[in-house]
Structure formats: structure tokens, C-alpha cells
>>> print(open('run.cif').read())   # mmCIF, C-alpha atoms and all ligand atoms
data_input
loop_
_atom_site.label_atom_id
_atom_site.label_comp_id
_atom_site.auth_asym_id
_atom_site.auth_seq_id
_atom_site.Cartn_x
_atom_site.Cartn_y
_atom_site.Cartn_z
CA MET N 1 139.76 -16.62 90.80
CA GLU N 2 138.02 -13.53 92.02
CA LYS N 3 135.38 -11.91 89.95
CA ASN N 4 135.40 -8.17 89.54
CA CYS N 5 133.05 -5.86 87.80
CA PRO N 6 134.64 -5.08 84.44
CA LYS N 7 133.30 -1.56 84.58
CA CYS N 8 133.75 -0.22 88.10
CA GLY N 9 136.10 -2.91 89.43
CA LYS N 10 133.97 -3.80 92.45
CA LYS N 11 134.75 -7.17 93.96
CA LEU N 12 131.79 -9.40 93.27
CA GLY N 13 132.97 -12.61 94.89
CA LEU N 14 133.35 -16.04 93.42
CA PHE N 15 129.69 -16.94 93.71
CA TYR N 16 128.17 -13.76 92.50
CA ILE N 17 125.53 -14.93 90.07
CA LYS N 18 123.56 -11.81 89.34
CA GLU N 19 123.69 -10.53 85.82
CA THR N 20 124.20 -6.97 86.90
CA CYS N 21 126.78 -5.34 89.15
CA SER N 22 125.36 -4.32 92.50
CA GLU N 23 127.49 -1.20 92.48
CA CYS N 24 127.17 0.39 89.07
CA GLY N 25 124.42 -1.79 87.61
CA CYS N 26 126.25 -2.64 84.44
CA ASN N 27 125.22 -5.89 82.82
CA LEU N 28 128.08 -8.31 83.47
CA MET N 29 127.00 -10.90 80.94
CA TYR N 30 126.51 -8.36 78.25
CA TYR N 31 129.67 -6.48 79.17
CA ASN N 32 131.77 -9.62 78.84
CA MET N 33 130.08 -10.53 75.63
CA GLU N 34 130.69 -7.08 74.23
CA SER N 35 134.42 -7.17 74.93
CA ARG N 36 134.62 -10.62 73.43
CA LEU N 37 132.79 -9.43 70.36
CA GLU N 38 135.16 -6.52 70.14
CA GLU N 39 138.08 -8.94 70.25
CA ASP N 40 136.52 -11.03 67.53
CA HIS N 41 135.90 -7.94 65.52
CA LEU N 42 139.53 -6.86 65.80
CA LYS N 43 140.70 -10.33 64.85
CA ALA N 44 138.38 -10.38 61.88
CA GLU N 45 139.59 -6.97 60.83
CA ALA N 46 143.21 -8.12 60.99
CA GLU N 47 142.36 -11.14 58.89
CA PHE N 48 140.55 -8.96 56.44
CA LYS N 49 143.54 -6.66 56.18
CA LYS N 50 145.79 -9.61 55.47
CA LEU N 51 143.40 -10.76 52.80
CA ASP N 52 143.41 -7.30 51.29
CA GLU N 53 147.19 -7.27 51.17
CA ILE N 54 147.23 -10.64 49.45
CA LYS N 55 144.63 -9.45 46.99
CA GLU N 56 146.63 -6.35 46.29
CA LYS N 57 149.77 -8.37 45.63
CA LEU N 58 147.85 -10.70 43.37
CA THR N 59 146.30 -7.94 41.32
CA LYS N 60 149.75 -6.59 40.57
CA PHE N 61 150.60 -9.84 38.84
CA LEU N 62 147.33 -10.24 37.09
CA PRO N 63 146.69 -8.44 33.83
CA LYS N 64 144.16 -5.68 34.16
CA LYS N 65 140.86 -6.19 32.46
CA LYS N 66 139.62 -3.41 30.32
ZN ZN L 1 130.22 -2.33 88.59
#
>>> encode(input="run.cif", output="C-alpha cells")
Amino acid sequence: MEKNCPKCGKKLGLFYIKETCSECGCNLMYYNMESRLEEDHLKAEAEFKKLDEIKEKLTKFLPKKK
């Protein structure tokens, strides 16, 4: 598996161990982490939406408190 810079696409080689890209200087570790966090965030948002839908359905059946 070849490693590429996620930002500029420069080939970094299999054994490239620096944290930053030699071409554009972006932080590879942080960049990867960020995209992973973004994925998690999207997943969490989808879950949250589902939960909201369920809650909405439930509240239709429940008597409203006054
Ligand atoms: Zn780069």
C-alpha cells in the first residue's frame, strides 16, 4: 500500500514516517485524525437524527403534558 499525502497527493512512500508532508507541510497525523473525526461526527449525527425521529414518533402517541 502506497502512502500519499491526503492534501496534495504527493507520494510519500511506504516508509515515510514524518508527521508532516515534505511537499505541502500539512500534518499527516492530524489530517487523518481530522477526517476520521469528521466521519465519526457524521455517523453520530445520523444516529442522532434517527433518535430524533423515534422521539418524534413516540411523542405523537404520548399524551401531551400541560
Ligand atoms: Zn502534501
>>> closest_residue(input="run.cif", among="N:Lys64, N:Cys21, N:Asn4, N:Tyr16", to="ligand ZN 1 (chain L)", atoms="all atoms listed in the file")
N:Cys21
>>> residues_around(input="run.cif", residues="Glu19 in chain N", least_positions_apart="6", cutoff="12 Å", atoms="only C-alpha atoms", output="ChimeraX atom specification")
/N:5,12,25-32
>>> atom_distance(input="run.cif", atom1="CA of Lys3 in chain N", atom2="CA of Arg36 in chain N")
16.6 Å
>>> atom_distance(input="run.cif", atom1="CA of Lys7 in chain N", atom2="CA of Lys43 in chain N")
22.8 Å
>>> closest_residue(input="run.cif", among="N:Lys18, N:Leu62, N:Glu23, N:Lys49", to="ligand ZN 1 (chain L)", atoms="only C-alpha atoms and all ligand atoms")
N:Glu23
>>> atom_distance(input="run.cif", atom1="atom ZN of ligand ZN 1 (chain L)", atom2="CA of Gly13 in chain N")
12.4 Å
>>> build_atoms(input="run.cif", residues="range 37-63 of chain N", atoms="N, CA and C atoms", output="compact mmCIF listing (two decimals), keeping the file's coordinate frame")
# COMPACT_ATOMS: atom_id res chain seq x y z
N LEU N 37 133.15 -9.75 71.73
CA LEU N 37 132.79 -9.43 70.36
C LEU N 37 133.78 -8.46 69.76
N GLU N 38 134.20 -7.52 70.60
CA GLU N 38 135.16 -6.52 70.14
C GLU N 38 136.47 -7.21 69.75
N GLU N 39 136.87 -8.18 70.55
CA GLU N 39 138.08 -8.94 70.25
C GLU N 39 137.93 -9.67 68.92
N ASP N 40 136.78 -10.31 68.77
CA ASP N 40 136.52 -11.03 67.53
C ASP N 40 136.56 -10.08 66.35
N HIS N 41 135.98 -8.93 66.58
CA HIS N 41 135.90 -7.94 65.52
C HIS N 41 137.30 -7.51 65.09
N LEU N 42 138.17 -7.27 66.09
CA LEU N 42 139.53 -6.86 65.80
C LEU N 42 140.28 -7.96 65.06
N LYS N 43 140.05 -9.19 65.49
CA LYS N 43 140.70 -10.33 64.85
C LYS N 43 140.24 -10.42 63.40
N ALA N 44 138.94 -10.29 63.22
CA ALA N 44 138.38 -10.38 61.88
C ALA N 44 138.93 -9.26 61.00
N GLU N 45 139.09 -8.11 61.59
CA GLU N 45 139.59 -6.97 60.83
C GLU N 45 141.03 -7.22 60.39
N ALA N 46 141.82 -7.81 61.31
CA ALA N 46 143.21 -8.12 60.99
C ALA N 46 143.28 -9.14 59.86
N GLU N 47 142.41 -10.13 59.94
CA GLU N 47 142.36 -11.14 58.89
C GLU N 47 142.00 -10.50 57.56
N PHE N 48 141.04 -9.63 57.64
CA PHE N 48 140.55 -8.96 56.44
C PHE N 48 141.66 -8.13 55.81
N LYS N 49 142.44 -7.49 56.65
CA LYS N 49 143.54 -6.66 56.18
C LYS N 49 144.57 -7.53 55.46
N LYS N 50 144.84 -8.68 56.07
CA LYS N 50 145.79 -9.61 55.47
C LYS N 50 145.29 -10.02 54.09
N LEU N 51 144.01 -10.34 54.04
CA LEU N 51 143.40 -10.76 52.80
C LEU N 51 143.51 -9.67 51.74
N ASP N 52 143.31 -8.44 52.19
CA ASP N 52 143.41 -7.30 51.29
C ASP N 52 144.81 -7.17 50.74
N GLU N 53 145.80 -7.37 51.59
CA GLU N 53 147.19 -7.27 51.17
C GLU N 53 147.51 -8.33 50.12
N ILE N 54 147.01 -9.55 50.38
CA ILE N 54 147.23 -10.64 49.45
C ILE N 54 146.57 -10.33 48.11
N LYS N 55 145.37 -9.80 48.20
CA LYS N 55 144.63 -9.45 46.99
C LYS N 55 145.37 -8.38 46.19
N GLU N 56 145.90 -7.44 46.93
CA GLU N 56 146.63 -6.35 46.29
C GLU N 56 147.86 -6.88 45.56
N LYS N 57 148.57 -7.78 46.24
CA LYS N 57 149.77 -8.37 45.63
C LYS N 57 149.39 -9.15 44.38
N LEU N 58 148.30 -9.88 44.48
CA LEU N 58 147.85 -10.70 43.37
C LEU N 58 147.47 -9.86 42.17
N THR N 59 146.78 -8.77 42.43
CA THR N 59 146.30 -7.94 41.32
C THR N 59 147.45 -7.30 40.58
N LYS N 60 148.59 -7.17 41.24
CA LYS N 60 149.75 -6.59 40.57
C LYS N 60 150.28 -7.54 39.51
N PHE N 61 150.10 -8.84 39.77
CA PHE N 61 150.60 -9.84 38.84
C PHE N 61 149.59 -10.17 37.73
N LEU N 62 148.35 -9.91 38.06
CA LEU N 62 147.33 -10.24 37.09
C LEU N 62 147.17 -9.11 36.08
N PRO N 63 146.92 -9.47 34.85
CA PRO N 63 146.69 -8.44 33.83
C PRO N 63 145.37 -7.73 34.10
